[in-house]
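A.B. asks: So that we are looking at the same thing, I have put the structure below in structure tokens.
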Amino acid sequence: MKRVLVGSFATEEHILGAARAAREHGLRIADAYTPYAVHGLDRAMGLRPSRLPWVCFGLGLLGAVFKLAFQFWAMAVDWPINVGGKPWNSLPAYVPVTFEVMVLLAGLGVVLAFLLRCRLLPGKQATPLFRGATDDTFLLALERPEDPGDVSVVSQLFRDFHAVRVAESEL
Amino acid sequence: MTEVYPPLRQPLVAGDKSLADVTQEVCAPLERRSTALWWLAFLAALSLLALGVAAVYYQVTTGIGTWGLNRSVGWAFDITNFVFWIGIGHAGTLISAILFLFRQRWRTAVNRSAEAMTIFAVTCAGLFPVIHMGRPWLFYWMLPIPNTRGPLWINFDSALTWDFFAITTYFLISLTFWYVGLLPDLATVRDRAKPGWRRRLLAFVSLGWNGSYRTWHRYETLYLLLAGLATPLVVSVHSIVSMDFATSMLPGWHTTIFPPYFVAGAIFSGMAMVLTLMLIARKVMHLQDYITVRHVDAMGKIVLATSCMVGLAYAIEMFSALLSPNPYEQFTFLNRAQGPLGWGYAIMVTCNVLLPQLLWLRRFRTNLAAVWVLSIFINVGMWFERFVIITTSLERDFLPSSWADYAPTSIELATLAGSFGLFFTCFLLFCRFLPMIAIAEIKGVLRIGREGPAVEPRDPASAEASALAGVSRLDGNQGVKP
């Protein structure tokens, strides 16, 4: 649990400005809560690009290699069937299923990875504090500085960017 | 001299709406009682579904002799319906994935319902091959699972096996894509719901989404990845469906043009179905500000483009057949246009190629009633396209002694009606219980073409500074919303 100061804003410009200014002041941004994916807020918050594409790529590769090997084994090694005299190991015929399994594994796997990474789990309760963020409120949660002097910097910063409301909470 | 610049882009959402207005207007239909009109439509759809269930029960318990198939026509109604429905599904993925990659922001108003339509259409499509097996309880034999027959594996060289994998993957990926898109909106509906079972259910399925931007940041990446995967997938699915035909040796089926021809036809028919549903839904559910004439105009252009592709495919198919030295090929195409099913060919050319040419006219594209009527014609035309392709080739094969005509039985017609019942039942339930417009995505494009407020921070000098004056304690059990 860390103590945070939460400013709520009415528009994306204000939260963008506040997030940029907070980082310039050396304040630590715990998180932001927004009704939609505000463009540029990731840069303003200094978030690194997600590593999900690697998960997706790895799983896709795994699916494709596994399925290609399986088809080859099933069709040419384990129980070869003679279909119209076609070669048992006709690789072009394996392309469609290999592609489908690659997409299936990469797609379902990356969603699962996303849900686990973001800890979005069935039945998990959302914090009531941020309820407005699913409607029309933009919330910026800054870690509460140790020094009381810096706390005034935070509330001043929130006010400078037209914060509608400021609250203190635990995250 | 002051210069006035016109806004670079037109607003995507009509009516000067705030973020809260969007939430309110999209969620309102879910929170009030069902209207009489909804009940009427729902009961009608449910009756059709019941008819279909009865027909399927009868044909499964009696046997596939209840169909009008004969010795040379082994595929007809079932496979026509299968291809028809799978094609309908393609528009949803086009809108959700391909237009997303092309940064067509107008897609946000229609993508949710088009994706839902995809899922329901693929469900309908998937049922037909299962029914067609005759022994549907053995459908799991399609899976490559260890078994007591050897283990004898399924034949991975067969286009029908490819098809099974393509449809299954398409269904699962579409469903996942749709659910991921729904997550933020389910949270929005949850936060508006009164305490009770509905709220608990929504809390369960929204997975604790709270609008965290760290989550949003990853969500954007995830959405892009899924769009990137779904785009080649949607092209592969109908290509593989077309290979069910193209890998056979039958004249009229054995052509290399089939994959692109089928994909263009699928998007064409799917867009027509989107228009059929959206034009009614926007009126009945008062979503005119979200699904505007501009959206219909844009979709009309896609319909026109794909109609021309389909028309080109018809022409090339006929041209190559007549030019070929193969008499069977020549006969098949002349028979298709002038034989016993010539009327079906006439319907398909009229509805799919000739009538959509009206969409060149801007006045036609923006006339919603006219576009709706046209969309019905296209739905009919595309069903006939599949029927004509499948049946004419089978009715007249290489040996004139085995020629036979095909006519559907009442059981087959009832099954088709039942699939429409299933589709509309699912769609009506969707309209009633889930947000039909992607709320979070609409909020993201709400400001396009409009002035935003000033970005500059307030003048620090005028701010009455007192360290914690504005800070109030909050114990986390009440909303922050002002």
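Labels used: A, B, ... for chains in the order of the structure tokens, numbers from 1 for residues in each chain, and numbers from 1 for ligands as shown.
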Determine, counting only C-alpha atoms, which protein, DNA and RNA residues have an atom within 6 Å of an atom of Met348 in chain B; residues of the same chain fewer than 6 positions away are not included. Present the result as JSON, numbers by chain.
C.D. replies: {"B": [381, 384, 385]}
A.B. asks: So that each row is one residue of chain A with an atom at most 6 Å from chain B, can you give its shortest atom pair and the distance in Å to one decimal, using only C-alpha atoms, rows by chain and rising number, as JSON lines?
C.D. replies:
```
{"residue": "A:Glu13", "atom": "CA", "partner": "B:Val455", "partner_atom": "CA", "distance": 5.7}
{"residue": "A:Ala32", "atom": "CA", "partner": "B:Tyr213", "partner_atom": "CA", "distance": 5.1}
{"residue": "A:Tyr33", "atom": "CA", "partner": "B:Ser212", "partner_atom": "CA", "distance": 4.4}
{"residue": "A:Thr34", "atom": "CA", "partner": "B:Gly211", "partner_atom": "CA", "distance": 5.2}
{"residue": "A:Tyr36", "atom": "CA", "partner": "B:Ala440", "partner_atom": "CA", "distance": 5.0}
{"residue": "A:Ala37", "atom": "CA", "partner": "B:Trp216", "partner_atom": "CA", "distance": 5.6}
{"residue": "A:Ser50", "atom": "CA", "partner": "B:Arg218", "partner_atom": "CA", "distance": 5.8}
{"residue": "A:Ala93", "atom": "CA", "partner": "B:Asp157", "partner_atom": "CA", "distance": 5.3}
{"residue": "A:Val97", "atom": "CA", "partner": "B:Trp162", "partner_atom": "CA", "distance": 5.5}
{"residue": "A:Glu100", "atom": "CA", "partner": "B:Ala166", "partner_atom": "CA", "distance": 5.9}
{"residue": "A:Leu104", "atom": "CA", "partner": "B:Thr169", "partner_atom": "CA", "distance": 5.6}
{"residue": "A:Cys118", "atom": "CA", "partner": "B:Thr215", "partner_atom": "CA", "distance": 5.8}
{"residue": "A:Leu120", "atom": "CA", "partner": "B:Leu207", "partner_atom": "CA", "distance": 4.9}
{"residue": "A:Leu121", "atom": "CA", "partner": "B:Leu207", "partner_atom": "CA", "distance": 4.7}
{"residue": "A:Pro122", "atom": "CA", "partner": "B:Leu207", "partner_atom": "CA", "distance": 4.6}
{"residue": "A:Gly123", "atom": "CA", "partner": "B:Phe204", "partner_atom": "CA", "distance": 4.0}
{"residue": "A:Lys124", "atom": "CA", "partner": "B:Gly208", "partner_atom": "CA", "distance": 4.6}
{"residue": "A:Gln125", "atom": "CA", "partner": "B:Gly208", "partner_atom": "CA", "distance": 4.8}
{"residue": "A:Ala126", "atom": "CA", "partner": "B:Gly208", "partner_atom": "CA", "distance": 4.5}
{"residue": "A:Pro128", "atom": "CA", "partner": "B:Gly479", "partner_atom": "CA", "distance": 5.9}
{"residue": "A:Leu129", "atom": "CA", "partner": "B:Gly479", "partner_atom": "CA", "distance": 5.0}
{"residue": "A:Arg131", "atom": "CA", "partner": "B:Gly479", "partner_atom": "CA", "distance": 5.8}
{"residue": "A:Gly132", "atom": "CA", "partner": "B:Lys481", "partner_atom": "CA", "distance": 5.0}
{"residue": "A:Ala133", "atom": "CA", "partner": "B:Gly211", "partner_atom": "CA", "distance": 5.9}
{"residue": "A:Thr134", "atom": "CA", "partner": "B:Thr188", "partner_atom": "CA", "distance": 4.9}
{"residue": "A:Asp136", "atom": "CA", "partner": "B:Leu19", "partner_atom": "CA", "distance": 5.2}
{"residue": "A:Ser152", "atom": "CA", "partner": "B:Ala467", "partner_atom": "CA", "distance": 4.0}
{"residue": "A:Asp160", "atom": "CA", "partner": "B:Arg458", "partner_atom": "CA", "distance": 4.9}
{"residue": "A:Phe161", "atom": "CA", "partner": "B:Pro457", "partner_atom": "CA", "distance": 5.0}
{"residue": "A:Val166", "atom": "CA", "partner": "B:Val471", "partner_atom": "CA", "distance": 5.3}
{"residue": "A:Ala167", "atom": "CA", "partner": "B:Ser472", "partner_atom": "CA", "distance": 5.1}
{"residue": "A:Glu168", "atom": "CA", "partner": "B:Arg473", "partner_atom": "CA", "distance": 5.3}
{"residue": "A:Ser169", "atom": "CA", "partner": "B:Leu474", "partner_atom": "CA", "distance": 5.9}
```
A.B. asks: Find the residue from A:Leu47, A:Arg23, A:His14, A:Val55 that sits nearest to Val164 in chain A; use only C-alpha atoms when measuring.
C.D. replies: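 Looking at the shortest contact to Val164 in chain A, the residue is A:His14.
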A.B. asks: Considering only C-alpha atoms, state which residue in the set A:Gly63, A:Gly58, A:Gly149, A:Pro92 is at the smallest distance from Ala113 in chain A.
C.D. replies: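 Of A:Gly63, A:Gly58, A:Gly149, A:Pro92, the one nearest Ala113 in chain A, counting only C-alpha atoms, is A:Gly58.
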A.B. asks: Quick one: DSSP alpha helix (DSSP H) residues in chain A, as a PyMOL selection string?
C.D. replies: chain A and resi 12-24+41-45+52-72+95-117+148-160
A.B. asks: Need the shell around His25 in chain A: protein/DNA/RNA residues with any atom at most 12 Å away, counting only C-alpha atoms. Skip same-chain ones fewer than 6 positions apart. Format as an NGL selection string?
C.D. replies: :A and (18-19 or 142 or 145 or 150-151 or 153-154 or 156-157)
A.B. asks: Suppose we keep N, CA and C atoms; can you now write the selection as a PDB file, in the first residue's frame?
C.D. replies:
```pdb
ATOM      1  N   ALA A  18      -0.872  18.012 -16.517  1.00  0.00           N
ATOM      2  CA  ALA A  18      -0.512  17.740 -15.127  1.00  0.00           C
ATOM      3  C   ALA A  18       0.513  16.620 -15.050  1.00  0.00           C
ATOM      4  N   ALA A  19       0.344  15.594 -15.887  1.00  0.00           N
ATOM      5  CA  ALA A  19       1.281  14.464 -15.844  1.00  0.00           C
ATOM      6  C   ALA A  19       2.663  14.922 -16.276  1.00  0.00           C
ATOM      7  N   LEU A 142      -0.618  10.610  -7.848  1.00  0.00           N
ATOM      8  CA  LEU A 142       0.813  10.843  -7.623  1.00  0.00           C
ATOM      9  C   LEU A 142       1.184  10.281  -6.259  1.00  0.00           C
ATOM     10  N   PRO A 145       4.586  12.584  -1.492  1.00  0.00           N
ATOM     11  CA  PRO A 145       5.982  12.775  -1.096  1.00  0.00           C
ATOM     12  C   PRO A 145       6.112  12.745   0.421  1.00  0.00           C
ATOM     13  N   ASP A 150       6.599  19.238  -0.079  1.00  0.00           N
ATOM     14  CA  ASP A 150       6.355  18.759  -1.426  1.00  0.00           C
ATOM     15  C   ASP A 150       4.880  18.463  -1.666  1.00  0.00           C
ATOM     16  N   VAL A 151       4.165  18.153  -0.577  1.00  0.00           N
ATOM     17  CA  VAL A 151       2.731  17.897  -0.723  1.00  0.00           C
ATOM     18  C   VAL A 151       2.038  19.146  -1.240  1.00  0.00           C
ATOM     19  N   VAL A 153       3.381  21.266  -3.142  1.00  0.00           N
ATOM     20  CA  VAL A 153       3.722  21.363  -4.566  1.00  0.00           C
ATOM     21  C   VAL A 153       2.700  20.577  -5.383  1.00  0.00           C
ATOM     22  N   VAL A 154       2.353  19.396  -4.864  1.00  0.00           N
ATOM     23  CA  VAL A 154       1.404  18.539  -5.580  1.00  0.00           C
ATOM     24  C   VAL A 154       0.044  19.213  -5.681  1.00  0.00           C
ATOM     25  N   GLN A 156      -0.682  22.250  -5.429  1.00  0.00           N
ATOM     26  CA  GLN A 156      -0.582  23.440  -6.269  1.00  0.00           C
ATOM     27  C   GLN A 156      -0.615  23.052  -7.750  1.00  0.00           C
ATOM     28  N   LEU A 157       0.120  21.985  -8.041  1.00  0.00           N
ATOM     29  CA  LEU A 157       0.187  21.520  -9.428  1.00  0.00           C
ATOM     30  C   LEU A 157      -1.185  21.079  -9.914  1.00  0.00           C
TER      31      LEU A 157
END
```
A.B. asks: Can you pull out every residue within 7 Å of Ser113 in chain B, counting only C-alpha atoms, but drop anything in the same chain fewer than 4 positions away, and send it as a PDB file with N, CA and C atoms, in the first residue's frame?
C.D. replies:
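Writing the result to out-v8.pdb gives the following:
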```pdb
ATOM      1  N   MET B 117     -22.123  -9.249 -34.657  1.00  0.00           N
ATOM      2  CA  MET B 117     -22.731  -9.889 -35.814  1.00  0.00           C
ATOM      3  C   MET B 117     -21.831 -11.006 -36.341  1.00  0.00           C
ATOM      4  N   MET B 436     -24.113  -1.307 -27.267  1.00  0.00           N
ATOM      5  CA  MET B 436     -24.049  -1.570 -28.700  1.00  0.00           C
ATOM      6  C   MET B 436     -22.980  -0.745 -29.391  1.00  0.00           C
ATOM      7  N   ILE B 437     -22.590   0.348 -28.723  1.00  0.00           N
ATOM      8  CA  ILE B 437     -21.563   1.224 -29.281  1.00  0.00           C
ATOM      9  C   ILE B 437     -20.356   1.109 -28.360  1.00  0.00           C
TER      10      ILE B 437
END
```
A.B. asks: Would you mind reading off the distance between CA of Asp135 in chain A and CA of Leu434 in chain B, one decimal, in Å?
C.D. replies: 16.1 Å
A.B. asks: Go through chain A and collect every residue that DSSP, computed from the backbone, puts in strand (DSSP E); the answer should be as a count of residues only.
C.D. replies: 24
A.B. asks: Using CA of Ile145 in chain B and CA of Val241 in chain B as the two end points, give the distance in Å to one decimal.
C.D. replies: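 Result for CA of Ile145 in chain B versus CA of Val241 in chain B: 23.0 Å, one decimal.
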A.B. asks: Record the distance separating CA of Trp372 in chain B and CA of Arg105 in chain B, expressed in Å with one decimal.
C.D. replies: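 Interatomic distance here is 23.1 Å.
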A.B. asks: Which residues, written as a ChimeraX atom specification, have at least one atom at most 8 Å from range 79-93 of chain B, with only C-alpha atoms counted and residues fewer than 2 positions away on the same chain left out?
C.D. replies: /B:75-77,95-98,111,113-122,124-129,174,230-231,234,238,241,263,265-271,273-274,382-383,386-387,390,416
A.B. asks: Could you save those same residues with N, CA and C atoms as a short mmCIF file (atom, residue, chain, number, x, y, z; two decimals), in the first residue's frame?
C.D. replies:
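Below is the file part00.cif, written as the result:
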```
data_model
loop_
_atom_site.label_atom_id
_atom_site.label_comp_id
_atom_site.auth_asym_id
_atom_site.auth_seq_id
_atom_site.Cartn_x
_atom_site.Cartn_y
_atom_site.Cartn_z
N TRP B 75 -23.93 -31.84 -52.05
CA TRP B 75 -23.84 -30.60 -51.27
C TRP B 75 -24.84 -29.65 -51.88
N ALA B 76 -25.72 -29.07 -51.11
CA ALA B 76 -26.56 -28.04 -51.70
C ALA B 76 -26.94 -26.99 -50.67
N PHE B 77 -28.04 -27.21 -49.97
CA PHE B 77 -28.55 -26.18 -49.09
C PHE B 77 -27.65 -25.94 -47.88
N ILE B 95 -14.19 -4.45 -40.22
CA ILE B 95 -14.37 -3.18 -39.52
C ILE B 95 -13.49 -3.13 -38.28
N SER B 96 -13.44 -4.23 -37.51
CA SER B 96 -12.71 -4.15 -36.25
C SER B 96 -11.20 -4.23 -36.45
N ALA B 97 -10.74 -4.99 -37.43
CA ALA B 97 -9.28 -5.17 -37.55
C ALA B 97 -8.70 -4.38 -38.72
N ILE B 98 -9.22 -4.59 -39.92
CA ILE B 98 -8.56 -3.99 -41.09
C ILE B 98 -8.72 -2.47 -41.07
N ASN B 111 -18.12 -0.74 -34.87
CA ASN B 111 -17.34 -1.98 -34.75
C ASN B 111 -17.92 -2.95 -33.74
N SER B 113 -21.06 -3.62 -32.79
CA SER B 113 -22.19 -4.41 -33.26
C SER B 113 -21.78 -5.27 -34.45
N ALA B 114 -20.85 -4.79 -35.28
CA ALA B 114 -20.41 -5.60 -36.41
C ALA B 114 -19.65 -6.83 -35.92
N GLU B 115 -18.87 -6.66 -34.85
CA GLU B 115 -18.16 -7.81 -34.30
C GLU B 115 -19.12 -8.81 -33.69
N ALA B 116 -20.15 -8.28 -33.01
CA ALA B 116 -21.16 -9.19 -32.44
C ALA B 116 -21.81 -9.97 -33.57
N MET B 117 -22.12 -9.25 -34.66
CA MET B 117 -22.73 -9.89 -35.81
C MET B 117 -21.83 -11.01 -36.34
N THR B 118 -20.52 -10.75 -36.38
CA THR B 118 -19.56 -11.76 -36.82
C THR B 118 -19.68 -13.02 -36.00
N ILE B 119 -19.71 -12.84 -34.68
CA ILE B 119 -19.73 -14.01 -33.81
C ILE B 119 -21.00 -14.82 -34.02
N PHE B 120 -22.14 -14.11 -34.12
CA PHE B 120 -23.40 -14.84 -34.28
C PHE B 120 -23.45 -15.51 -35.66
N ALA B 121 -22.93 -14.82 -36.67
CA ALA B 121 -22.96 -15.39 -38.02
C ALA B 121 -22.05 -16.62 -38.10
N VAL B 122 -20.88 -16.55 -37.45
CA VAL B 122 -19.98 -17.70 -37.49
C VAL B 122 -20.59 -18.87 -36.70
N CYS B 124 -23.82 -19.50 -36.55
CA CYS B 124 -24.80 -20.08 -37.48
C CYS B 124 -24.06 -20.92 -38.52
N ALA B 125 -22.96 -20.37 -39.04
CA ALA B 125 -22.21 -21.07 -40.09
C ALA B 125 -21.69 -22.40 -39.56
N GLY B 126 -21.12 -22.37 -38.36
CA GLY B 126 -20.51 -23.57 -37.82
C GLY B 126 -21.50 -24.70 -37.61
N LEU B 127 -22.77 -24.34 -37.37
CA LEU B 127 -23.77 -25.39 -37.14
C LEU B 127 -24.02 -26.23 -38.38
N PHE B 128 -23.94 -25.61 -39.56
CA PHE B 128 -24.33 -26.33 -40.78
C PHE B 128 -23.45 -27.52 -41.10
N PRO B 129 -22.11 -27.37 -41.09
CA PRO B 129 -21.30 -28.57 -41.34
C PRO B 129 -21.56 -29.65 -40.30
N SER B 174 -12.35 -14.15 -32.96
CA SER B 174 -13.36 -13.09 -33.01
C SER B 174 -13.99 -12.88 -31.64
N ALA B 230 -5.86 -10.72 -36.75
CA ALA B 230 -7.18 -10.98 -37.33
C ALA B 230 -7.22 -10.61 -38.81
N THR B 231 -6.39 -9.67 -39.22
CA THR B 231 -6.42 -9.25 -40.63
C THR B 231 -6.02 -10.38 -41.59
N VAL B 234 -8.77 -13.24 -41.39
CA VAL B 234 -10.05 -13.11 -42.09
C VAL B 234 -9.86 -13.41 -43.57
N HIS B 238 -11.93 -17.23 -45.53
CA HIS B 238 -12.76 -17.45 -46.71
C HIS B 238 -11.96 -18.02 -47.87
N VAL B 241 -12.26 -21.61 -47.11
CA VAL B 241 -13.62 -22.06 -47.47
C VAL B 241 -13.69 -22.28 -48.98
N VAL B 263 -13.30 -13.98 -50.88
CA VAL B 263 -13.03 -13.00 -49.83
C VAL B 263 -13.75 -11.69 -50.15
N GLY B 265 -16.41 -11.33 -52.00
CA GLY B 265 -17.84 -11.59 -51.84
C GLY B 265 -18.25 -11.60 -50.38
N ALA B 266 -17.37 -12.15 -49.53
CA ALA B 266 -17.68 -12.24 -48.11
C ALA B 266 -17.78 -10.84 -47.50
N ILE B 267 -16.84 -9.99 -47.82
CA ILE B 267 -16.85 -8.64 -47.26
C ILE B 267 -18.06 -7.87 -47.80
N PHE B 268 -18.36 -8.12 -49.06
CA PHE B 268 -19.52 -7.48 -49.71
C PHE B 268 -20.81 -7.87 -48.98
N SER B 269 -21.01 -9.17 -48.79
CA SER B 269 -22.26 -9.60 -48.15
C SER B 269 -22.30 -9.19 -46.69
N GLY B 270 -21.13 -9.24 -46.03
CA GLY B 270 -21.10 -8.86 -44.63
C GLY B 270 -21.45 -7.40 -44.43
N MET B 271 -20.89 -6.53 -45.31
CA MET B 271 -21.19 -5.10 -45.20
C MET B 271 -22.67 -4.84 -45.43
N MET B 273 -25.05 -6.87 -44.68
CA MET B 273 -25.78 -7.26 -43.47
C MET B 273 -25.58 -6.23 -42.37
N VAL B 274 -24.37 -5.66 -42.28
CA VAL B 274 -24.14 -4.60 -41.29
C VAL B 274 -25.10 -3.45 -41.55
N MET B 382 -26.31 -12.52 -52.59
CA MET B 382 -25.13 -13.27 -52.19
C MET B 382 -25.50 -14.68 -51.75
N TRP B 383 -26.69 -14.86 -51.20
CA TRP B 383 -27.10 -16.24 -50.88
C TRP B 383 -27.22 -17.02 -52.19
N ARG B 386 -23.86 -18.26 -53.82
CA ARG B 386 -23.34 -19.52 -53.29
C ARG B 386 -24.16 -20.71 -53.76
N PHE B 387 -25.49 -20.53 -53.79
CA PHE B 387 -26.36 -21.62 -54.20
C PHE B 387 -26.10 -21.99 -55.66
N ILE B 390 -22.61 -23.72 -56.09
CA ILE B 390 -22.55 -25.08 -55.56
C ILE B 390 -23.45 -26.02 -56.37
N LEU B 416 -32.81 -23.34 -42.69
CA LEU B 416 -32.30 -22.00 -43.04
C LEU B 416 -33.02 -20.93 -42.23
#
```
